[in-house]
Every structure is written in C-alpha cells, then in structure tokens.
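Here is the file model.txt (compact mmCIF, C-alpha atoms).
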```txt
# COMPACT_ATOMS: atom_id res chain seq x y z
CA MET A 3 126.07 85.29 116.52
CA LEU A 4 127.06 87.46 113.60
CA ALA A 5 124.28 87.27 111.00
CA LYS A 6 124.72 86.58 107.29
CA ARG A 7 123.72 89.65 105.31
CA ILE A 8 121.30 90.03 102.40
CA ILE A 9 122.15 93.01 100.18
CA PRO A 10 120.01 94.32 97.31
CA CYS A 11 121.96 96.29 94.73
CA LEU A 12 120.42 99.29 92.94
CA ASP A 13 121.86 100.67 89.70
CA ILE A 14 121.43 104.42 89.42
CA LYS A 15 121.44 106.56 86.29
CA GLU A 16 120.77 110.31 86.43
CA GLY A 17 119.41 109.89 89.96
CA LYS A 18 116.90 107.16 89.02
CA THR A 19 116.87 103.42 89.55
CA VAL A 20 117.44 101.55 86.30
CA LYS A 21 117.04 97.97 85.12
CA GLY A 22 113.46 97.03 84.46
CA ILE A 23 112.00 97.07 87.87
CA ASN A 24 108.77 95.28 88.50
CA PHE A 25 108.40 95.57 92.22
CA VAL A 26 105.14 94.02 93.34
CA ASN A 27 102.58 96.68 94.28
CA PHE A 28 105.20 99.36 94.39
CA ARG A 29 104.63 102.55 92.44
CA ASP A 30 107.89 104.39 93.12
CA ALA A 31 110.24 101.76 91.74
CA GLY A 32 112.25 104.41 89.90
CA ASP A 33 112.87 106.37 93.07
CA PRO A 34 116.08 105.06 94.68
CA VAL A 35 115.24 106.47 98.11
CA ALA A 36 111.73 104.98 98.23
CA LEU A 37 113.02 101.67 96.88
CA GLY A 38 115.87 101.58 99.42
CA LYS A 39 113.41 102.28 102.22
CA ALA A 40 111.10 99.54 100.98
CA TYR A 41 113.95 97.01 100.89
CA SER A 42 115.05 98.06 104.33
CA GLU A 43 111.51 97.57 105.66
CA GLN A 44 111.42 94.10 104.10
CA GLY A 45 114.54 93.19 106.07
CA ALA A 46 117.50 94.00 103.79
CA ASP A 47 120.64 94.22 105.94
CA GLU A 48 122.52 96.68 103.77
CA LEU A 49 122.10 98.41 100.43
CA VAL A 50 124.47 99.05 97.54
CA TYR A 51 123.90 102.00 95.20
CA LEU A 52 125.94 101.86 92.01
CA ASP A 53 126.24 105.02 89.95
CA ILE A 54 126.34 104.01 86.30
CA THR A 55 126.24 107.57 84.97
CA ALA A 56 129.35 108.77 83.21
CA SER A 57 128.85 112.54 83.18
CA TYR A 58 129.93 115.20 85.62
CA GLU A 59 126.32 116.36 86.02
CA GLY A 60 125.32 112.79 86.79
CA ARG A 61 127.92 112.63 89.57
CA LYS A 62 126.45 115.73 91.21
CA THR A 63 122.97 114.23 91.01
CA PHE A 64 124.31 111.02 92.57
CA THR A 65 125.89 112.88 95.49
CA GLU A 66 122.57 114.62 96.14
CA LEU A 67 120.90 111.22 96.07
CA VAL A 68 123.40 109.83 98.60
CA ARG A 69 122.46 112.65 100.98
CA LYS A 70 118.78 111.77 100.62
CA VAL A 71 119.43 108.07 101.16
CA ALA A 72 121.41 108.84 104.33
CA ALA A 73 118.56 110.98 105.62
CA ASN A 74 115.84 108.42 104.96
CA VAL A 75 117.32 104.94 105.21
CA ASN A 76 118.20 103.54 108.65
CA ILE A 77 120.57 100.72 107.62
CA PRO A 78 124.15 100.92 106.28
CA PHE A 79 124.72 101.52 102.58
CA THR A 80 127.66 101.33 100.19
CA VAL A 81 128.10 103.50 97.12
CA GLY A 82 130.12 102.69 94.04
CA GLY A 83 130.75 103.74 90.47
CA GLY A 84 133.14 106.41 89.26
CA ILE A 85 135.23 106.62 92.41
CA ASN A 86 138.68 107.45 91.07
CA GLU A 87 140.36 109.62 93.66
CA MET A 88 140.32 110.59 97.32
CA SER A 89 138.14 113.63 96.68
CA ASP A 90 135.38 111.32 95.37
CA VAL A 91 135.58 109.23 98.55
CA ASP A 92 135.53 112.33 100.73
CA ARG A 93 132.51 113.75 98.90
CA LEU A 94 130.47 110.52 99.16
CA LEU A 95 131.31 109.81 102.81
CA ASN A 96 130.46 113.40 103.69
CA ALA A 97 127.13 112.91 101.96
CA GLY A 98 126.43 110.08 104.42
CA ALA A 99 127.57 106.87 102.68
CA ASP A 100 128.95 104.26 105.08
CA LYS A 101 131.29 102.57 102.62
CA VAL A 102 132.63 103.09 99.13
CA SER A 103 133.10 100.35 96.58
CA LEU A 104 136.04 100.51 94.17
CA ASN A 105 136.30 98.35 91.08
CA SER A 106 138.31 99.35 87.97
CA SER A 107 139.94 102.29 89.76
CA ALA A 108 141.44 99.95 92.38
CA LEU A 109 142.90 97.69 89.71
CA ARG A 110 144.33 100.67 87.85
CA ASN A 111 145.57 102.41 90.98
CA PRO A 112 145.83 100.00 93.95
CA ARG A 113 147.34 102.76 96.10
CA LEU A 114 143.85 104.26 96.30
CA ILE A 115 142.86 101.36 98.61
CA THR A 116 145.79 102.11 100.91
CA GLU A 117 144.93 105.81 100.98
CA ILE A 118 141.27 105.21 101.82
CA ALA A 119 142.15 102.73 104.59
CA LYS A 120 144.69 105.14 106.06
CA ASN A 121 142.37 108.14 106.01
CA PHE A 122 138.99 106.63 106.79
CA GLY A 123 139.66 103.15 108.20
CA VAL A 124 139.54 99.74 106.56
CA GLN A 125 135.81 99.32 107.19
CA VAL A 126 135.07 102.01 104.60
CA CYS A 127 136.73 100.38 101.59
CA VAL A 128 134.94 97.64 99.69
CA VAL A 129 136.91 96.27 96.75
CA ALA A 130 134.59 94.92 94.06
CA ILE A 131 136.07 92.36 91.69
CA ASP A 132 134.45 91.20 88.44
CA ALA A 133 136.00 87.93 87.37
CA ASN A 134 135.30 85.35 84.68
CA PHE A 135 136.25 81.67 84.73
CA GLU A 136 138.25 80.94 81.58
CA LYS A 137 140.80 78.24 80.70
CA GLY A 138 140.81 77.00 84.28
CA ASN A 139 141.48 80.41 85.87
CA TRP A 140 139.46 83.22 87.38
CA CYS A 141 140.45 86.31 85.40
CA CYS A 142 139.71 89.89 86.62
CA TYR A 143 137.99 92.36 84.31
CA LEU A 144 137.81 96.15 84.13
CA ASN A 145 135.09 98.55 83.02
CA GLY A 146 132.04 96.54 83.94
CA GLY A 147 133.41 93.33 82.48
CA ARG A 148 134.49 94.75 79.12
CA VAL A 149 138.29 94.72 79.47
CA SER A 150 140.28 91.67 80.48
CA THR A 151 143.30 92.31 82.69
CA GLY A 152 144.92 88.90 82.86
CA ARG A 153 145.06 89.26 86.65
CA ASP A 154 144.07 86.34 88.84
CA LEU A 155 141.08 86.80 91.17
CA PHE A 156 142.71 85.21 94.23
CA GLN A 157 145.99 87.04 93.84
CA TRP A 158 144.23 90.38 93.42
CA ALA A 159 141.84 89.77 96.35
CA LYS A 160 144.80 88.97 98.59
CA GLU A 161 146.64 92.12 97.48
CA ALA A 162 143.49 94.23 98.03
CA GLN A 163 143.21 92.86 101.57
CA GLU A 164 146.86 93.59 102.28
CA ARG A 165 146.42 97.13 100.99
CA GLY A 166 143.52 97.77 103.38
CA ALA A 167 140.28 96.59 101.77
CA GLY A 168 137.62 96.00 104.44
CA GLU A 169 135.52 93.65 102.31
CA ILE A 170 135.69 91.89 98.95
CA LEU A 171 132.61 91.99 96.72
CA PHE A 172 133.19 89.21 94.21
CA THR A 173 130.95 89.11 91.13
CA SER A 174 131.29 86.04 88.98
CA MET A 175 130.73 87.13 85.37
CA THR A 176 130.42 83.44 84.54
CA HIS A 177 127.40 83.12 86.83
CA ASP A 178 125.91 86.62 86.57
CA GLY A 179 122.52 86.70 84.85
CA VAL A 180 122.35 82.90 84.51
CA LYS A 181 120.31 82.53 87.73
CA ASN A 182 121.80 79.15 88.41
CA GLY A 183 123.54 79.89 91.71
CA TYR A 184 126.61 81.75 92.94
CA ALA A 185 130.24 80.74 92.20
CA ASN A 186 130.43 78.74 95.41
CA SER A 187 133.77 77.00 95.02
CA ALA A 188 135.57 80.26 94.17
CA LEU A 189 133.78 81.92 97.09
CA ALA A 190 134.86 79.18 99.48
CA ARG A 191 138.45 79.54 98.33
CA LEU A 192 138.31 83.33 98.82
CA ASN A 193 136.88 82.86 102.28
CA GLU A 194 139.59 80.35 103.15
CA MET A 195 142.45 82.65 102.14
CA LEU A 196 141.13 86.04 103.33
CA ASN A 197 140.43 87.35 106.80
CA ILE A 198 138.00 90.07 105.70
CA PRO A 199 134.31 89.51 104.82
CA VAL A 200 133.41 88.27 101.34
CA ILE A 201 130.20 89.32 99.58
CA ALA A 202 128.87 86.91 96.95
CA SER A 203 127.45 88.42 93.78
CA GLY A 204 126.18 87.06 90.47
CA GLY A 205 123.94 84.05 89.93
CA ALA A 206 121.03 84.31 92.38
CA GLY A 207 117.85 82.83 90.95
CA LYS A 208 116.29 80.87 93.80
CA LYS A 209 116.28 81.01 97.60
CA GLU A 210 118.41 77.86 97.68
CA HIS A 211 121.18 79.76 95.94
CA PHE A 212 121.53 82.09 98.90
CA ARG A 213 121.70 79.15 101.30
CA ASP A 214 124.41 77.55 99.16
CA ALA A 215 126.44 80.78 98.97
CA PHE A 216 126.45 80.85 102.78
CA GLU A 217 126.88 77.12 103.44
CA ILE A 218 129.07 75.97 100.56
CA GLY A 219 130.60 79.31 99.55
CA LYS A 220 131.02 80.40 103.20
CA ALA A 221 130.13 83.95 102.10
CA ASP A 222 129.49 86.57 104.78
CA ALA A 223 126.88 88.33 102.65
CA ALA A 224 124.99 87.75 99.42
CA LEU A 225 124.14 90.49 96.96
CA ALA A 226 121.47 90.33 94.29
CA ALA A 227 119.61 92.72 92.02
CA SER A 228 117.08 91.39 89.55
CA VAL A 229 115.51 88.65 91.71
CA PHE A 230 114.59 91.35 94.21
CA HIS A 231 113.73 94.08 91.70
CA PHE A 232 111.41 91.82 89.73
CA GLY A 233 109.79 90.51 92.89
CA GLU A 234 110.84 86.92 92.10
CA ILE A 235 112.13 86.59 95.65
CA SER A 236 110.96 88.79 98.50
CA ILE A 237 113.52 89.51 101.19
CA GLY A 238 111.06 88.64 103.95
CA GLU A 239 110.36 85.19 102.50
CA LEU A 240 114.04 84.62 101.78
CA LYS A 241 114.94 85.30 105.39
CA GLU A 242 112.21 82.99 106.67
CA TYR A 243 113.56 80.28 104.40
CA LEU A 244 117.17 80.82 105.51
CA GLU A 245 116.16 80.71 109.14
CA LYS A 246 114.47 77.33 108.57
CA GLU A 247 117.70 76.19 106.95
CA ASN A 248 119.51 77.09 110.19
CA ILE A 249 121.41 80.03 108.75
CA CYS A 250 121.93 82.88 111.18
CA ILE A 251 120.08 85.90 109.83
CA ARG A 252 118.80 89.11 111.37
CA LYS A 253 115.09 89.01 112.21
CA MET B 25 114.38 119.67 124.44
CA GLN B 26 117.79 120.68 123.11
CA VAL B 27 119.99 117.86 121.84
CA ALA B 28 123.63 118.53 120.95
CA ILE B 29 126.02 116.39 118.92
CA ILE B 30 129.66 116.95 119.84
CA LYS B 31 131.56 118.22 116.81
CA TYR B 32 135.07 116.78 116.51
CA ASN B 33 137.34 115.05 113.99
CA ALA B 34 135.29 111.86 113.68
CA GLY B 35 133.16 110.58 110.83
CA ASN B 36 129.44 109.76 110.66
CA ILE B 37 128.23 112.86 112.50
CA TYR B 38 125.84 113.50 109.60
CA SER B 39 124.41 109.96 109.94
CA VAL B 40 123.72 110.51 113.65
CA ASP B 41 122.08 113.85 112.85
CA CYS B 42 119.88 112.11 110.24
CA ALA B 43 118.87 109.41 112.74
CA LEU B 44 117.87 112.08 115.26
CA LYS B 45 115.78 113.82 112.58
CA ARG B 46 114.05 110.50 111.82
CA VAL B 47 112.95 110.28 115.46
CA GLY B 48 111.78 113.88 115.34
CA VAL B 49 114.69 115.79 116.90
CA ASP B 50 116.57 118.69 115.34
CA ALA B 51 119.98 118.51 116.97
CA VAL B 52 122.70 121.13 117.06
CA ILE B 53 126.19 120.03 115.99
CA THR B 54 128.70 122.01 118.04
CA ASP B 55 131.96 122.14 120.00
CA ASP B 56 130.89 125.31 121.84
CA GLU B 57 131.16 124.88 125.61
CA GLU B 58 128.13 127.02 126.52
CA VAL B 59 125.85 125.40 123.96
CA LEU B 60 126.91 121.92 125.04
CA LYS B 61 126.51 122.70 128.73
CA SER B 62 123.02 124.10 128.25
CA SER B 63 121.80 121.10 126.21
CA ASP B 64 119.43 118.56 127.74
CA LYS B 65 121.02 115.59 126.00
CA ILE B 66 124.43 115.17 124.41
CA ILE B 67 125.49 112.67 121.75
CA PHE B 68 129.17 111.79 121.38
CA PRO B 69 129.27 109.95 118.04
CA GLY B 70 132.10 108.73 115.93
CA VAL B 71 133.85 106.62 113.42
CA GLY B 72 137.56 107.07 113.73
CA GLU B 73 140.84 106.09 115.30
CA ALA B 74 141.33 106.37 119.08
CA ALA B 75 144.72 108.11 119.33
CA SER B 76 144.06 110.82 116.72
CA THR B 77 140.54 111.59 117.98
CA MET B 78 141.75 111.68 121.60
CA HIS B 79 144.58 114.02 120.62
CA TYR B 80 142.05 116.33 118.95
CA LEU B 81 139.74 116.31 121.99
CA ARG B 82 142.66 117.30 124.26
CA GLN B 83 143.76 120.07 121.91
CA LYS B 84 140.26 121.56 121.94
CA GLY B 85 139.80 121.10 125.70
CA LEU B 86 136.84 118.86 124.96
CA ASP B 87 138.27 116.04 127.12
CA LYS B 88 137.72 117.91 130.38
CA LEU B 89 134.43 119.35 129.17
CA ILE B 90 132.94 115.93 128.34
CA LYS B 91 133.87 114.57 131.77
CA SER B 92 132.20 117.55 133.43
CA PHE B 93 128.78 117.00 131.82
CA THR B 94 125.95 116.29 134.25
CA GLN B 95 123.13 115.74 131.72
CA PRO B 96 122.66 112.36 129.93
CA VAL B 97 125.48 111.74 127.44
CA LEU B 98 125.40 108.96 124.83
CA GLY B 99 128.66 107.76 123.27
CA ILE B 100 128.51 105.75 120.05
CA CYS B 101 131.23 103.38 118.74
CA ILE B 102 134.56 105.25 118.99
CA GLY B 103 132.70 107.69 121.27
CA MET B 104 132.14 104.80 123.70
CA GLN B 105 135.74 103.62 123.44
CA LEU B 106 137.06 107.13 124.11
CA MET B 107 134.97 107.20 127.31
CA CYS B 108 137.03 104.27 128.66
CA ARG B 109 140.36 104.41 130.54
CA HIS B 110 142.82 103.40 127.84
CA SER B 111 142.73 102.05 124.28
CA GLU B 112 145.12 99.62 122.62
CA GLU B 113 144.34 101.46 119.37
CA GLY B 114 147.31 103.82 119.21
CA ASP B 115 148.11 102.97 122.88
CA VAL B 116 146.34 106.07 124.17
CA ASP B 117 144.90 107.15 127.52
CA CYS B 118 141.26 108.11 127.11
CA LEU B 119 138.64 109.96 129.18
CA ASN B 120 138.41 107.38 132.01
CA ILE B 121 134.69 107.83 132.57
CA PHE B 122 134.38 104.04 132.48
CA ASP B 123 137.24 102.47 134.41
CA VAL B 124 137.94 99.73 131.84
CA ASP B 125 140.44 99.25 128.99
CA VAL B 126 139.72 98.89 125.26
CA LYS B 127 141.38 95.84 123.68
CA ARG B 128 142.00 94.62 120.15
CA PHE B 129 140.06 91.56 118.98
CA CYS B 130 142.28 88.47 118.73
CA PRO B 131 140.92 85.83 116.34
CA MET B 132 140.69 82.36 117.95
CA LYS B 133 139.67 80.33 114.88
CA ASN B 134 139.89 82.49 111.77
CA GLU B 135 137.21 84.98 112.83
CA LYS B 136 137.31 88.06 110.66
CA ILE B 137 138.40 91.46 111.96
CA PRO B 138 136.73 93.99 111.98
CA HIS B 139 133.59 92.56 113.56
CA MET B 140 131.32 93.91 110.83
CA GLY B 141 127.60 93.40 110.43
CA TRP B 142 124.49 92.58 112.44
CA ASN B 143 124.81 90.82 115.77
CA SER B 144 122.43 90.36 118.70
CA ILE B 145 122.40 92.12 122.07
CA GLU B 146 121.80 89.94 125.13
CA ARG B 147 121.31 90.48 128.87
CA ILE B 148 120.18 94.06 128.21
CA ASP B 149 119.71 96.47 131.08
CA SER B 150 116.12 97.67 131.43
CA HIS B 151 117.09 101.22 132.37
CA MET B 152 119.07 101.82 129.18
CA PHE B 153 117.03 99.69 126.76
CA PRO B 154 113.37 99.00 126.05
CA VAL B 155 112.97 95.45 127.44
CA ASP B 156 111.51 94.02 124.24
CA LEU B 157 114.87 94.45 122.50
CA GLU B 158 116.49 91.46 124.20
CA GLY B 159 118.17 89.35 121.53
CA LYS B 160 117.55 91.88 118.75
CA TYR B 161 120.12 92.60 116.06
CA VAL B 162 122.13 95.82 115.78
CA TYR B 163 124.90 96.95 113.43
CA PHE B 164 128.55 96.76 114.47
CA VAL B 165 131.81 97.81 112.79
CA HIS B 166 134.86 97.65 115.04
CA SER B 167 138.25 96.00 115.55
CA TYR B 168 138.62 96.94 119.24
CA TYR B 169 136.26 96.02 122.06
CA VAL B 170 135.45 96.67 125.70
CA PRO B 171 135.47 93.49 127.83
CA GLU B 172 132.53 92.72 130.09
CA CYS B 173 132.79 94.86 133.23
CA GLU B 174 130.73 96.35 136.06
CA TYR B 175 129.32 99.02 133.67
CA THR B 176 128.16 96.55 131.00
CA THR B 177 124.49 97.00 130.08
CA ALA B 178 124.33 94.69 127.05
CA VAL B 179 126.51 91.83 125.86
CA THR B 180 127.28 90.65 122.34
CA ASP B 181 129.21 87.53 121.43
CA TYR B 182 131.99 87.74 118.86
CA ILE B 183 135.09 85.64 119.53
CA GLN B 184 134.10 86.12 123.18
CA PRO B 185 131.28 87.98 124.95
CA PHE B 186 132.05 91.72 125.11
CA SER B 187 130.32 94.96 126.16
CA ALA B 188 127.83 96.09 123.52
CA ALA B 189 126.78 98.93 125.84
CA LEU B 190 127.90 100.68 129.02
CA HIS B 191 126.28 102.90 131.64
CA LYS B 192 127.56 104.79 134.66
CA ASP B 193 125.71 107.73 136.27
CA ASN B 194 124.70 110.11 133.45
CA PHE B 195 127.00 108.47 130.89
CA TYR B 196 125.63 105.91 128.41
CA ALA B 197 127.37 104.29 125.47
CA THR B 198 126.84 101.74 122.71
CA GLN B 199 129.54 99.95 120.74
CA PHE B 200 127.09 99.42 117.88
CA HIS B 201 125.89 102.07 115.48
CA LEU B 202 122.35 102.68 116.65
CA GLU B 203 122.03 105.29 113.88
CA LYS B 204 122.40 102.43 111.36
CA SER B 205 120.53 99.74 113.28
CA GLY B 206 117.11 100.08 111.67
CA LYS B 207 114.00 100.38 113.86
CA VAL B 208 115.79 98.76 116.82
CA GLY B 209 118.43 101.51 116.77
CA GLU B 210 115.79 104.22 116.51
CA SER B 211 113.90 102.86 119.51
CA ILE B 212 117.11 102.81 121.60
CA LEU B 213 117.75 106.42 120.56
CA THR B 214 114.19 107.45 121.47
CA HIS B 215 114.52 105.65 124.80
CA PHE B 216 117.71 107.61 125.57
CA LEU B 217 116.07 110.90 124.61
CA ASN B 218 113.26 110.14 127.07
CA LEU B 219 115.58 109.34 129.99
```
What is this structure when it is put down as structure tokens?
Amino acid sequence: MLAKRIIPCLDIKEGKTVKGINFVNFRDAGDPVALGKAYSEQGADELVYLDITASYEGRKTFTELVRKVAANVNIPFTVGGGINEMSDVDRLLNAGADKVSLNSSALRNPRLITEIAKNFGVQVCVVAIDANFEKGNWCCYLNGGRVSTGRDLFQWAKEAQERGAGEILFTSMTHDGVKNGYANSALARLNEMLNIPVIASGGAGKKEHFRDAFEIGKADAALAASVFHFGEISIGELKEYLEKENICIRK
Amino acid sequence: MQVAIIKYNAGNIYSVDCALKRVGVDAVITDDEEVLKSSDKIIFPGVGEAASTMHYLRQKGLDKLIKSFTQPVLGICIGMQLMCRHSEEGDVDCLNIFDVDVKRFCPMKNEKIPHMGWNSIERIDSHMFPVDLEGKYVYFVHSYYVPECEYTTAVTDYIQPFSAALHKDNFYATQFHLEKSGKVGESILTHFLNL
C-alpha cells in the first residue's frame, strides 16, 4: 500500500538552516546537509528545502547546497523559494533536486506551471499555496503571507492541477504556528476535488495532529518544521505512533 | 570494476551518479560505444517521457547498442519502461528486451495518478534482491506501469499488482527509483553491482 509521507521542512538563508533549531544531541543543526541526513536516518520520507534568501549571491549558495544535498541524502527532496522562471527550474533540477515548489510565482504567472509540466513532467512541479480563512472563505496570499490576492484556495488549487501541478502543498496561515492541528476540513475538501497528492502544512503540535491530517484531512503527506527542529516530536516516535493508529507508513 | 551510466536525454542522471558514489563506485557517464561495451556494469537511468527518449535513443544508435550488451544492465524507471516492447506513453515501440507492453494507470476509485511516494515490494526474486528486503518500501513516481509477466521479479500493489522489477538474462530493471529509496535502494544497487 502507498504510505503516507512525513516531510520535515528546512528554511535556508545564505546556505544555513534558520529558525531556532534545538535538535536533541545534534551539533550541526545549522548545516542543512547534516540535518537533512539526520532526518532521513530518523525515517523522514522526503525533505523540503526553502530558500528564504533574496540576493543573487544567496541563490548561488543555495544551488551549491542543492548539489551537496543530492550527493549526500538518499531520499527525494523538493526545493522552493525564488523560482520565477524556467532557468531557475533547470538550474535546480540539474543540481539534483527531485521537485521544485512554486508559490507566489505560480499565482503571478500560472503559465510557469504549464511550462514546467511540459518540459520536465508533472511529478516535478509542486504548487505551494498559503491561504487564510477569513469571512467564511479560504483566501490565497502572496509573498510569504504578506499580500492578499482575493483568490479562492479551492479554485486556485483546481487551476494549478489543470495546468500540470503534480502536488499541492497547502499551508493554512490560520493554523500555522498555533500548534493546534492542521486545517483538516479544508484538506479533506481539497483531497475530494483533486486527483493529485495533497501535502498538509501548518498547525502540527502533537502526534495526534498528523494522524488527524491523514484520517480526517485525507492528506497524502504532512509537512512540519518547528516540532521536528525543536525535538518536540521525533520522526521515529511519530512513525511508531502512526503505525499503532493503523496508518500506512514506511518502516 | 568499471560502471557506466548511459548518457541520453533523460533527467536524474546526476542522482544515480550520486547514489553510486554513496555505495563507493565512481561511474562514468557516457554514450560512447567502446566505453559502454568495455564496462562491467551498465546503468540505464531516467526520468522522462517514453516517445521523446526513445526517439533520441534511435537517433544516436543507442537502441541497437543497448540490446547488444552482454554484461549486467540495470534500467531504472523510464529506463525499465524503454526496455519493454511498446509504451502507451506517446504510443511508441521500445527496445523489446522484455516482451511486455507498458500501460497507463487507470484509476478504479479515485486513486491519484502519478503513483507517487513510498510503496512496498512483495514476492521479490532472490537472485535480483537481497532476501531481507521482502515487504520493504521504495520510492515510486510514475503514471505508466508494466503488468505482471514472466519477467516480473518484484510486485507492488497500486490500483492493481504490477511489476516493480523485471529480469531476463543479463537485463535487470526497477520501476522504482532505487537511487532515492534510502538504505533499501542502496542495498539493491550494491547487490546488482556484485552480480
């Protein structure tokens, strides 16, 4: 049976992992390659590396990092952040990334999704959507949640799929950082209407939240950052728990 | 031991090269006939589309060359599909090393296509795989599949049971990406290199 995936997300600035990382007994927490390897050894099914640098120099550093990750990590990984045109996609895939994640650039220029799918296949293109629940609707945001677009989450996810997205990574801004669980009803609705995998993001605080994202939200994968980085939940323990809860996971 | 990776218009060649390095092998990436022929092991990797990759192989004369190899050859993902008779992807005739056709997945009850993620390999063949890998998880990304057939050496269930791996004579192939399948993938790669 196809297993549900657990995906730690690493934010990268100038080639280093950021966000206060307090990995238990782990001295190289700032080193994205060592951290990725450690997560992979704990049982992570995939990794996401997000480049949050804005500068040209930073982009070069990030590409170098992607090459090192590809050389050292033996599970699939997605890269995102600052992917605005086909040459960015080409550069990152050549450096060994398995998938690219588009966010604001896809909303601004949806044709980019079509181009990526046509040139590299649908499996390469992850469309990340940041949405906030307001006045009864899920509204999509640009620029890391700073700019409201007025676009509806479900409508945009459907369009992204039709244009050739291989997966939807949905981050609920309403739930992100609150550690009170994922946006399960929105996830379930996305899963119902799409025929590509949906990755849940935003809201993980306890192991039960992962179970609920899979059981209630019907998500194919669950992404989290701080609960893993701060050692609040270890991936090994999480997987043992999910297995006891009869969720199909990779052992 | 010299290991060659066939260079052609498919993606993920770098990832396969990295996986080989992780198991201690420095491979050569080439489309040169002499170098390929003199190699002890050959890897035929790939992420790509069947018709366009097949067209490229024919243009370069690599189609006939691949069929003529007598040393162990390992096809991965699209590499495996190209080793079959025909593919529904782009309706193209392939290398016909494995006398079986590649079909597109048809969802029966809202299953998602592509089949993407970790799934288990069952009924594994002990010549091609270390026996302790029965039921282990490996990483798949594909929309087309090879049905179970006389060459099947591992089965995975998605929508229906299909061939996760094939073997005939000196030709071996996996539908899954062993280069992305963690320690399990690396042990299958090592096992192939020791054949």
Original post:
Near segment 74-84 of chain B, within 6 Å and counting only C-alpha atoms, which residues show up once chain neighbours fewer than 3 positions away are dropped, as a ChimeraX atom specification?
Top reply: /B:87,113-114,116
May I have a table of the residues of chain A lying at most 10 Å from chain B, giving each one's closest pair of atoms and their distance in Å to one decimal, counting all atoms listed in the file, ordered by chain and ascending residue number, as a tab-separated table?
```
residue	atom	partner	partner_atom	distance
A:Met3	CA	B:Asn143	CA	5.7
A:Leu4	CA	B:Asn143	CA	4.6
A:Ala5	CA	B:Trp142	CA	5.5
A:Lys6	CA	B:Trp142	CA	7.9
A:Arg7	CA	B:Gly141	CA	7.4
A:Ser42	CA	B:Gly206	CA	7.9
A:Glu43	CA	B:Gly206	CA	8.6
A:Gly45	CA	B:Gly206	CA	9.2
A:Ala46	CA	B:Gly206	CA	10.0
A:Asp47	CA	B:Trp142	CA	7.7
A:Glu48	CA	B:Gly141	CA	9.0
A:Arg69	CA	B:Tyr38	CA	9.3
A:Lys70	CA	B:Cys42	CA	9.7
A:Val71	CA	B:Cys42	CA	9.9
A:Ala72	CA	B:Ser39	CA	6.5
A:Ala73	CA	B:Cys42	CA	4.9
A:Asn74	CA	B:Arg46	CA	7.4
A:Val75	CA	B:Gly206	CA	8.1
A:Asn76	CA	B:Gly206	CA	4.7
A:Ile77	CA	B:Lys204	CA	4.5
A:Pro78	CA	B:Lys204	CA	5.6
A:Phe79	CA	B:Lys204	CA	9.1
A:Leu95	CA	B:Asn36	CA	8.1
A:Asn96	CA	B:Tyr38	CA	7.5
A:Ala97	CA	B:Tyr38	CA	7.8
A:Gly98	CA	B:Ser39	CA	5.9
A:Ala99	CA	B:Ser39	CA	8.5
A:Asp100	CA	B:Asn36	CA	7.9
A:Asn121	CA	B:Gly72	CA	9.2
A:Phe122	CA	B:Gly72	CA	7.1
A:Gly123	CA	B:Gly72	CA	7.1
A:Val124	CA	B:Pro138	CA	8.4
A:Gln125	CA	B:Val165	CA	7.0
A:Val126	CA	B:Val165	CA	9.8
A:Gly168	CA	B:Pro138	CA	7.9
A:Glu169	CA	B:Met140	CA	9.5
A:Asn193	CA	B:Lys136	CA	9.9
A:Glu194	CA	B:Asn134	CA	8.9
A:Met195	CA	B:Asn134	CA	10.0
A:Leu196	CA	B:Lys136	CA	8.5
A:Asn197	CA	B:Lys136	CA	5.0
A:Ile198	CA	B:Lys136	CA	5.4
A:Pro199	CA	B:Lys136	CA	6.7
A:Asp222	CA	B:Gly141	CA	9.1
A:Ala223	CA	B:Gly141	CA	9.3
A:Cys250	CA	B:Asn143	CA	9.6
A:Ile251	CA	B:Trp142	CA	8.4
A:Arg252	CA	B:Tyr161	CA	6.0
A:Lys253	CA	B:Tyr161	CA	7.3
```
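In this comparison, which uses all atoms listed in the file, the residue of A:Lys220, A:Arg213, A:Lys160, A:His231 approaching Leu189 of chain A most closely is A:Lys220.
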Since the input lacks atoms, please generate all heavy atoms for segment 155-159 of chain A and provide them as an mmCIF file, in the coordinates of the input.
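For reference, part22.cif as written:
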```
data_model
loop_
_atom_site.group_PDB
_atom_site.id
_atom_site.type_symbol
_atom_site.label_atom_id
_atom_site.label_comp_id
_atom_site.auth_asym_id
_atom_site.auth_seq_id
_atom_site.Cartn_x
_atom_site.Cartn_y
_atom_site.Cartn_z
ATOM 1 N N LEU A 155 142.005 86.374 90.113
ATOM 2 C CA LEU A 155 141.080 86.800 91.170
ATOM 3 C C LEU A 155 141.693 86.663 92.570
ATOM 4 O O LEU A 155 141.642 87.597 93.373
ATOM 5 C CB LEU A 155 139.797 85.947 91.077
ATOM 6 C CG LEU A 155 138.889 85.892 92.314
ATOM 7 C CD1 LEU A 155 138.218 87.243 92.546
ATOM 8 C CD2 LEU A 155 137.816 84.813 92.145
ATOM 9 N N PHE A 156 142.258 85.491 92.862
ATOM 10 C CA PHE A 156 142.710 85.210 94.230
ATOM 11 C C PHE A 156 143.913 86.067 94.608
ATOM 12 O O PHE A 156 144.004 86.590 95.711
ATOM 13 C CB PHE A 156 142.990 83.722 94.394
ATOM 14 C CG PHE A 156 141.781 82.892 94.070
ATOM 15 C CD1 PHE A 156 141.682 82.241 92.846
ATOM 16 C CD2 PHE A 156 140.716 82.824 94.950
ATOM 17 C CE1 PHE A 156 140.539 81.516 92.523
ATOM 18 C CE2 PHE A 156 139.573 82.094 94.636
ATOM 19 C CZ PHE A 156 139.485 81.437 93.416
ATOM 20 N N GLN A 157 144.804 86.225 93.619
ATOM 21 C CA GLN A 157 145.990 87.040 93.840
ATOM 22 C C GLN A 157 145.598 88.505 94.090
ATOM 23 O O GLN A 157 146.087 89.149 95.009
ATOM 24 C CB GLN A 157 146.815 86.945 92.558
ATOM 25 C CG GLN A 157 148.273 87.191 92.718
ATOM 26 C CD GLN A 157 148.908 87.180 91.335
ATOM 27 O OE1 GLN A 157 148.358 87.735 90.376
ATOM 28 N NE2 GLN A 157 150.047 86.528 91.244
ATOM 29 N N TRP A 158 144.656 88.986 93.297
ATOM 30 C CA TRP A 158 144.230 90.380 93.420
ATOM 31 C C TRP A 158 143.452 90.598 94.735
ATOM 32 O O TRP A 158 143.644 91.596 95.436
ATOM 33 C CB TRP A 158 143.413 90.797 92.203
ATOM 34 C CG TRP A 158 142.705 92.120 92.314
ATOM 35 C CD1 TRP A 158 141.400 92.361 92.054
ATOM 36 C CD2 TRP A 158 143.274 93.385 92.697
ATOM 37 N NE1 TRP A 158 141.105 93.679 92.263
ATOM 38 C CE2 TRP A 158 142.236 94.332 92.663
ATOM 39 C CE3 TRP A 158 144.542 93.800 93.085
ATOM 40 C CZ2 TRP A 158 142.424 95.681 92.992
ATOM 41 C CZ3 TRP A 158 144.741 95.145 93.422
ATOM 42 C CH2 TRP A 158 143.685 96.071 93.366
ATOM 43 N N ALA A 159 142.608 89.645 95.100
ATOM 44 C CA ALA A 159 141.840 89.770 96.350
ATOM 45 C C ALA A 159 142.796 89.837 97.541
ATOM 46 O O ALA A 159 142.611 90.636 98.466
ATOM 47 C CB ALA A 159 140.875 88.601 96.503
#
```
